[in-house]
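Chemist: Before I ask anything, let me first share the structure, which is written out below as structure tokens.
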Amino acid sequence: MSFQRIAVVMPAYNEAAGIAEFLLEIHEHLAPLASELDIVVADDRSTDATAAVVAGLGLDRVQVQTQTRNRGHGPTALAAYVAGLQLSPDVVVHVDGDGQFAGNDIARVLGALEATGADVVHGVRRGREDPWFRRALSFGLRVAVRPFAGRGVPDINTPLRAYRPQVLQQLIDAVGADAIVPHVHFSLAEARCGLRVTSVPVRSLPRRGGETVGTMWGGNGQPKLPPKRLRSFVRHALGELWRLSLRPSAPMLALRTASADLRSRVADAA
């Protein structure tokens with residue numbers, strides 16, 4: 001591949017049990033694809049040994065940045081993106097720290113970025129084992145936003161993405177630092193701007209490290225009904241979606257009118 005420098009960015013919260021295996025797998029599959037591979041783990045003030053496990057791996061060019069306070073997944077993902085962009089890479093790859101993707105699938109996403117010349121590649125999850133209500137929520141969100149996007153988005157909130165840095169910077173500048181569902185906003189803006197988006201089917205694996213669910217569920221095991229914490233999150237996310245992406249004066253909507261400028265900036269930088 002022709003990448004000089006790949007930056008992998010990873011938000012993580014209480015992933016000490018599985019993150020070492022995941023990072024080693026990423027390094028194994030991605031290190032041969034570029035002259036330089038950097039991995040930045042943004043630790044969202046974990047209460048376990050996540051930061052210590054990452055620091056103790058001893059892999060070259062792997063760093064952990066502990067956030068100043070616990071802010072949740074969205075803002076931590078955005079902080080990870082910013083840290084990755086500061087390394088001046090050719091491509092920025094985002095993946096969550098729960099290890100629900102295989103290293104070879106992450107490499108396939110990068111291969112698609114190079115082969116197609118896309119602005120962004122989404123890893124579209126297959127075989128998800130999430131509780132029914134989370135799968136229903138994803139389906140409902142995909143249907144609801146399609147009229148605003150102007151086209152279908154197969155996995156609108158997928159955490160596995162590979163971005164050209166110039167495109168990513170524009171999206172981050174528009175969404176701000178505190179968005180709780182940044183990838184939903186990104187997917188909408190990518191469609192509206194007519195960016196070249198490629199989708200690659202990838203396997204959705206169980207969480208690594210023995211835990212079956214993430215911190216959003218508010219307990220161990222898979223609940224039969226949406227937990228109170230998740231219901232509250234959904235209410236806030238819908239309000240944010242309206243405020244940042246859907247209302248007439250939404251900041252992400254402004255990117256639609258600036259699409260020609262966005263594409264010209266990417267072309268000039270290339």
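Residues are referred to by chain and number: the chain letter is A, B, ... according to the order shown in the structure tokens, the number counts from 1 in that chain, and ligands are numbered separately from 1 in the order shown.
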List the spatial neighbours of region 136-149 of chain A as a list in words - criterion: any atom at most 10 Å away, only C-alpha atoms, same-chain residues fewer than 3 positions off excluded.

Modeler: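 That gives Asp130, Pro131, Trp132, Phe133, Gly152, Val153, Pro154, Asp155, Ile156, Asn157, Thr158, Val184, Ser187, Leu188, Ala189, Glu190, Ala191, Arg192, Cys193, Gly194, Val234, Leu238, Leu241, Ser245, Leu246 and Leu253 of chain A.
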
Chemist: Quick one: residues within 10 Å of region 74-81 of chain A, only C-alpha atoms, excluding same-chain residues fewer than 5 positions away - as a PyMOL selection string?

Modeler: chain A and resi 7-13+39-45+64-67+69+86+92-96+159+165+168-169+172+175-183

Chemist: Could you save the residues just selected, with N, CA and C atoms, as a short mmCIF file (atom, residue, chain, number, x, y, z; two decimals), in the first residue's frame?

Modeler:
data_model
loop_
_atom_site.label_atom_id
_atom_site.label_comp_id
_atom_site.auth_asym_id
_atom_site.auth_seq_id
_atom_site.Cartn_x
_atom_site.Cartn_y
_atom_site.Cartn_z
N ALA A 7 -2.75 6.63 11.24
CA ALA A 7 -3.05 6.90 12.65
C ALA A 7 -4.33 6.16 13.01
N VAL A 8 -4.26 5.25 13.96
CA VAL A 8 -5.44 4.57 14.49
C VAL A 8 -5.82 5.27 15.79
N VAL A 9 -7.07 5.69 15.88
CA VAL A 9 -7.54 6.39 17.08
C VAL A 9 -8.64 5.56 17.72
N MET A 10 -8.61 5.49 19.06
CA MET A 10 -9.45 4.53 19.77
C MET A 10 -9.92 5.09 21.11
N PRO A 11 -11.19 5.45 21.24
CA PRO A 11 -11.72 5.77 22.56
C PRO A 11 -11.88 4.49 23.38
N ALA A 12 -11.63 4.57 24.68
CA ALA A 12 -11.72 3.37 25.51
C ALA A 12 -12.17 3.75 26.92
N TYR A 13 -13.01 2.90 27.49
CA TYR A 13 -13.44 3.07 28.87
C TYR A 13 -13.59 1.70 29.51
N ILE A 39 -0.82 4.56 17.01
CA ILE A 39 -2.08 4.22 17.66
C ILE A 39 -2.25 5.11 18.87
N VAL A 40 -3.37 5.82 18.91
CA VAL A 40 -3.68 6.71 20.03
C VAL A 40 -4.92 6.18 20.74
N VAL A 41 -4.78 5.84 22.01
CA VAL A 41 -5.91 5.41 22.82
C VAL A 41 -6.33 6.57 23.72
N ALA A 42 -7.56 7.03 23.55
CA ALA A 42 -8.10 8.09 24.41
C ALA A 42 -8.87 7.42 25.54
N ASP A 43 -8.28 7.40 26.71
CA ASP A 43 -8.88 6.75 27.87
C ASP A 43 -9.83 7.72 28.57
N ASP A 44 -11.10 7.35 28.66
CA ASP A 44 -12.13 8.24 29.22
C ASP A 44 -12.22 8.11 30.74
N ARG A 45 -11.07 8.30 31.40
CA ARG A 45 -10.99 8.22 32.86
C ARG A 45 -11.51 6.87 33.36
N VAL A 64 -1.23 6.38 25.11
CA VAL A 64 -2.52 6.52 25.75
C VAL A 64 -2.63 7.95 26.27
N GLN A 65 -3.76 8.57 25.99
CA GLN A 65 -4.03 9.92 26.47
C GLN A 65 -5.25 9.88 27.37
N THR A 66 -5.04 10.04 28.66
CA THR A 66 -6.15 10.02 29.62
C THR A 66 -6.84 11.37 29.62
N GLN A 67 -8.15 11.34 29.46
CA GLN A 67 -8.93 12.58 29.40
C GLN A 67 -8.96 13.26 30.77
N ARG A 69 -11.45 14.43 32.29
CA ARG A 69 -12.61 13.97 33.06
C ARG A 69 -13.39 12.98 32.20
N GLN A 86 -3.30 15.44 14.69
CA GLN A 86 -2.10 16.18 15.06
C GLN A 86 -0.83 15.44 14.66
N VAL A 92 -6.73 8.43 8.80
CA VAL A 92 -7.09 8.24 10.21
C VAL A 92 -8.14 7.14 10.28
N VAL A 93 -7.85 6.12 11.08
CA VAL A 93 -8.77 5.00 11.27
C VAL A 93 -9.32 5.06 12.69
N HIS A 94 -10.64 5.04 12.80
CA HIS A 94 -11.27 5.03 14.13
C HIS A 94 -11.83 3.65 14.41
N VAL A 95 -11.62 3.16 15.62
CA VAL A 95 -12.21 1.91 16.07
C VAL A 95 -12.36 1.98 17.59
N ASP A 96 -13.45 1.44 18.12
CA ASP A 96 -13.68 1.47 19.57
C ASP A 96 -12.76 0.49 20.29
N PRO A 159 -18.65 2.42 14.28
CA PRO A 159 -17.44 3.01 14.84
C PRO A 159 -16.17 2.67 14.06
N PRO A 165 -7.60 12.81 6.01
CA PRO A 165 -7.51 13.82 7.07
C PRO A 165 -8.20 15.13 6.76
N LEU A 168 -11.93 14.73 7.32
CA LEU A 168 -12.20 14.57 8.75
C LEU A 168 -12.10 15.88 9.49
N GLN A 169 -11.11 16.70 9.18
CA GLN A 169 -10.94 17.98 9.87
C GLN A 169 -12.17 18.87 9.66
N ILE A 172 -15.03 17.58 11.89
CA ILE A 172 -14.79 17.87 13.31
C ILE A 172 -15.02 19.34 13.61
N VAL A 175 -18.87 19.88 13.83
CA VAL A 175 -19.67 19.24 14.88
C VAL A 175 -19.31 19.73 16.28
N GLY A 176 -18.09 20.25 16.48
CA GLY A 176 -17.68 20.68 17.81
C GLY A 176 -17.11 19.53 18.62
N ALA A 177 -16.71 19.83 19.85
CA ALA A 177 -15.97 18.86 20.67
C ALA A 177 -16.83 18.02 21.59
N ASP A 178 -18.11 18.34 21.73
CA ASP A 178 -18.93 17.70 22.77
C ASP A 178 -20.06 16.85 22.24
N ALA A 179 -20.13 16.59 20.96
CA ALA A 179 -21.22 15.80 20.39
C ALA A 179 -21.22 14.39 20.97
N ILE A 180 -22.40 13.90 21.33
CA ILE A 180 -22.48 12.56 21.92
C ILE A 180 -22.68 11.47 20.86
N VAL A 181 -23.13 11.85 19.66
CA VAL A 181 -23.24 10.87 18.56
C VAL A 181 -22.56 11.44 17.31
N PRO A 182 -21.26 11.70 17.36
CA PRO A 182 -20.59 12.36 16.24
C PRO A 182 -20.66 11.57 14.94
N HIS A 183 -20.64 10.24 15.02
CA HIS A 183 -20.63 9.46 13.78
C HIS A 183 -21.96 9.55 13.03
#

Chemist: Residues within 10 Å of region 100-106 of chain A, please, as an NGL selection string. Count only C-alpha atoms; anything in the same chain fewer than 3 positions from it doesn't count.

Modeler: :A and (22-30 or 93-97 or 109-111 or 123 or 125 or 128 or 159-162 or 200-208)

Chemist: Compare A:Arg196, A:His185, A:Arg235, A:Arg164 by their minimum atom-to-atom distance to Met252 (chain A), counting only C-alpha atoms, and give me the closest one.

Modeler: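 Once distances to Met252 (chain A) are computed over only C-alpha atoms, the minimum belongs to A:His185.
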
Chemist: Measuring between only C-alpha atoms, which one of A:Ser46, A:Ser2, A:Gln63, A:Thr198 shows the shortest distance to Pro32 (chain A)?

Modeler: A:Ser2

Chemist: Please provide the set of residues having any atom within 7 Å of Leu37 (chain A), restricted to only C-alpha atoms, with same-chain residues fewer than 2 positions apart removed, written as a list in words.

Modeler: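 Once the nearby chain positions are removed, what remains is Arg5, Ile6, Ala7, Ala31, Ala34, Ser35, Ile39 and Arg61 of chain A.
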
Chemist: As a VMD selection string, please: every residue in region 31-247 of chain A that a backbone DSSP assignment puts in strand (DSSP E).

Modeler: chain A and resid 34 to 43 62 to 66 91 to 94 120 to 126 161 to 163 197 to 203

Chemist: Produce a file of the selected residues containing N, CA and C atoms, as a CSV table (one decimal), in the first residue's frame.

Modeler:
chain,number,residue,atom,x,y,z
A,34,ALA,N,2.0,0.5,6.1
A,34,ALA,CA,2.5,1.9,6.0
A,34,ALA,C,3.9,1.9,6.6
A,35,SER,N,4.6,2.9,6.2
A,35,SER,CA,6.0,3.1,6.8
A,35,SER,C,5.9,3.4,8.3
A,36,GLU,N,4.8,4.1,8.7
A,36,GLU,CA,4.7,4.5,10.1
A,36,GLU,C,3.3,4.2,10.6
A,37,LEU,N,3.1,3.5,11.7
A,37,LEU,CA,1.8,3.3,12.3
A,37,LEU,C,1.8,3.8,13.7
A,38,ASP,N,0.8,4.8,13.9
A,38,ASP,CA,0.6,5.3,15.2
A,38,ASP,C,-0.7,4.9,15.7
A,39,ILE,N,-0.8,4.6,17.0
A,39,ILE,CA,-2.1,4.2,17.7
A,39,ILE,C,-2.2,5.1,18.9
A,40,VAL,N,-3.4,5.8,18.9
A,40,VAL,CA,-3.7,6.7,20.0
A,40,VAL,C,-4.9,6.2,20.7
A,41,VAL,N,-4.8,5.8,22.0
A,41,VAL,CA,-5.9,5.4,22.8
A,41,VAL,C,-6.3,6.6,23.7
A,42,ALA,N,-7.6,7.0,23.6
A,42,ALA,CA,-8.1,8.1,24.4
A,42,ALA,C,-8.9,7.4,25.5
A,43,ASP,N,-8.3,7.4,26.7
A,43,ASP,CA,-8.9,6.7,27.9
A,43,ASP,C,-9.8,7.7,28.6
A,62,VAL,N,2.7,3.6,20.2
A,62,VAL,CA,1.3,3.4,20.8
A,62,VAL,C,1.3,4.3,22.0
A,63,GLN,N,0.4,5.2,22.1
A,63,GLN,CA,0.3,6.1,23.3
A,63,GLN,C,-1.1,6.1,23.8
A,64,VAL,N,-1.2,6.4,25.1
A,64,VAL,CA,-2.5,6.5,25.8
A,64,VAL,C,-2.6,7.9,26.3
A,65,GLN,N,-3.8,8.6,26.0
A,65,GLN,CA,-4.0,9.9,26.5
A,65,GLN,C,-5.3,9.9,27.4
A,66,THR,N,-5.0,10.0,28.7
A,66,THR,CA,-6.1,10.0,29.6
A,66,THR,C,-6.8,11.4,29.6
A,91,VAL,N,-4.0,8.9,6.6
A,91,VAL,CA,-5.3,8.3,6.9
A,91,VAL,C,-5.5,8.2,8.4
A,92,VAL,N,-6.7,8.4,8.8
A,92,VAL,CA,-7.1,8.2,10.2
A,92,VAL,C,-8.1,7.1,10.3
A,93,VAL,N,-7.9,6.1,11.1
A,93,VAL,CA,-8.8,5.0,11.3
A,93,VAL,C,-9.3,5.1,12.7
A,94,HIS,N,-10.6,5.0,12.8
A,94,HIS,CA,-11.3,5.0,14.1
A,94,HIS,C,-11.8,3.6,14.4
A,120,VAL,N,-14.0,8.5,2.6
A,120,VAL,CA,-14.2,7.8,3.8
A,120,VAL,C,-14.7,6.4,3.5
A,121,VAL,N,-14.3,5.4,4.3
A,121,VAL,CA,-14.8,4.1,4.2
A,121,VAL,C,-15.4,3.7,5.5
A,122,HIS,N,-16.6,3.2,5.4
A,122,HIS,CA,-17.4,2.7,6.6
A,122,HIS,C,-17.3,1.2,6.7
A,123,GLY,N,-16.9,0.6,7.8
A,123,GLY,CA,-17.1,-0.8,8.1
A,123,GLY,C,-18.5,-1.1,8.5
A,124,VAL,N,-19.2,-1.8,7.6
A,124,VAL,CA,-20.7,-2.1,7.9
A,124,VAL,C,-20.8,-3.4,8.6
A,125,ARG,N,-21.3,-3.3,9.9
A,125,ARG,CA,-21.3,-4.5,10.7
A,125,ARG,C,-22.3,-5.6,10.3
A,126,ARG,N,-21.8,-6.8,10.3
A,126,ARG,CA,-22.6,-8.0,10.0
A,126,ARG,C,-22.6,-8.9,11.2
A,161,ARG,N,-14.2,3.3,10.9
A,161,ARG,CA,-14.2,4.3,9.8
A,161,ARG,C,-12.7,4.6,9.4
A,162,ALA,N,-12.5,4.8,8.2
A,162,ALA,CA,-11.2,5.3,7.7
A,162,ALA,C,-11.4,6.6,6.9
A,163,TYR,N,-10.7,7.7,7.3
A,163,TYR,CA,-10.9,9.0,6.8
A,163,TYR,C,-9.7,9.6,6.1
A,197,VAL,N,-18.1,7.9,-0.4
A,197,VAL,CA,-18.2,7.0,0.8
A,197,VAL,C,-18.3,5.5,0.3
A,198,THR,N,-17.4,4.7,0.7
A,198,THR,CA,-17.4,3.3,0.4
A,198,THR,C,-17.7,2.5,1.6
A,199,SER,N,-18.6,1.5,1.5
A,199,SER,CA,-18.9,0.6,2.6
A,199,SER,C,-18.3,-0.8,2.4
A,200,VAL,N,-17.8,-1.3,3.4
A,200,VAL,CA,-17.1,-2.6,3.4
A,200,VAL,C,-17.8,-3.5,4.5
A,201,PRO,N,-18.4,-4.7,4.1
A,201,PRO,CA,-19.0,-5.5,5.2
A,201,PRO,C,-17.9,-6.1,6.1
A,202,VAL,N,-18.1,-6.0,7.4
A,202,VAL,CA,-17.1,-6.5,8.3
A,202,VAL,C,-17.8,-7.3,9.4
A,203,ARG,N,-17.1,-8.2,10.0
A,203,ARG,CA,-17.7,-9.0,11.1
A,203,ARG,C,-17.9,-8.2,12.4

Chemist: Just the number, please: distance in Å from CA of Thr47 (chain A) to CA of Ala237 (chain A), one decimal.

Modeler: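 Those two atoms sit 24.8 Å apart.
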
Chemist: For the structure I just gave you, how does DSSP split region 36-270 of chain A - specifically, which residues are helix (DSSP H, G or I)? Reply as a PyMOL selection string.

Modeler: chain A and resi 50-55+73-85+103-116+132-149+165-175+182-192+215-217+228-246+254-257+259-269
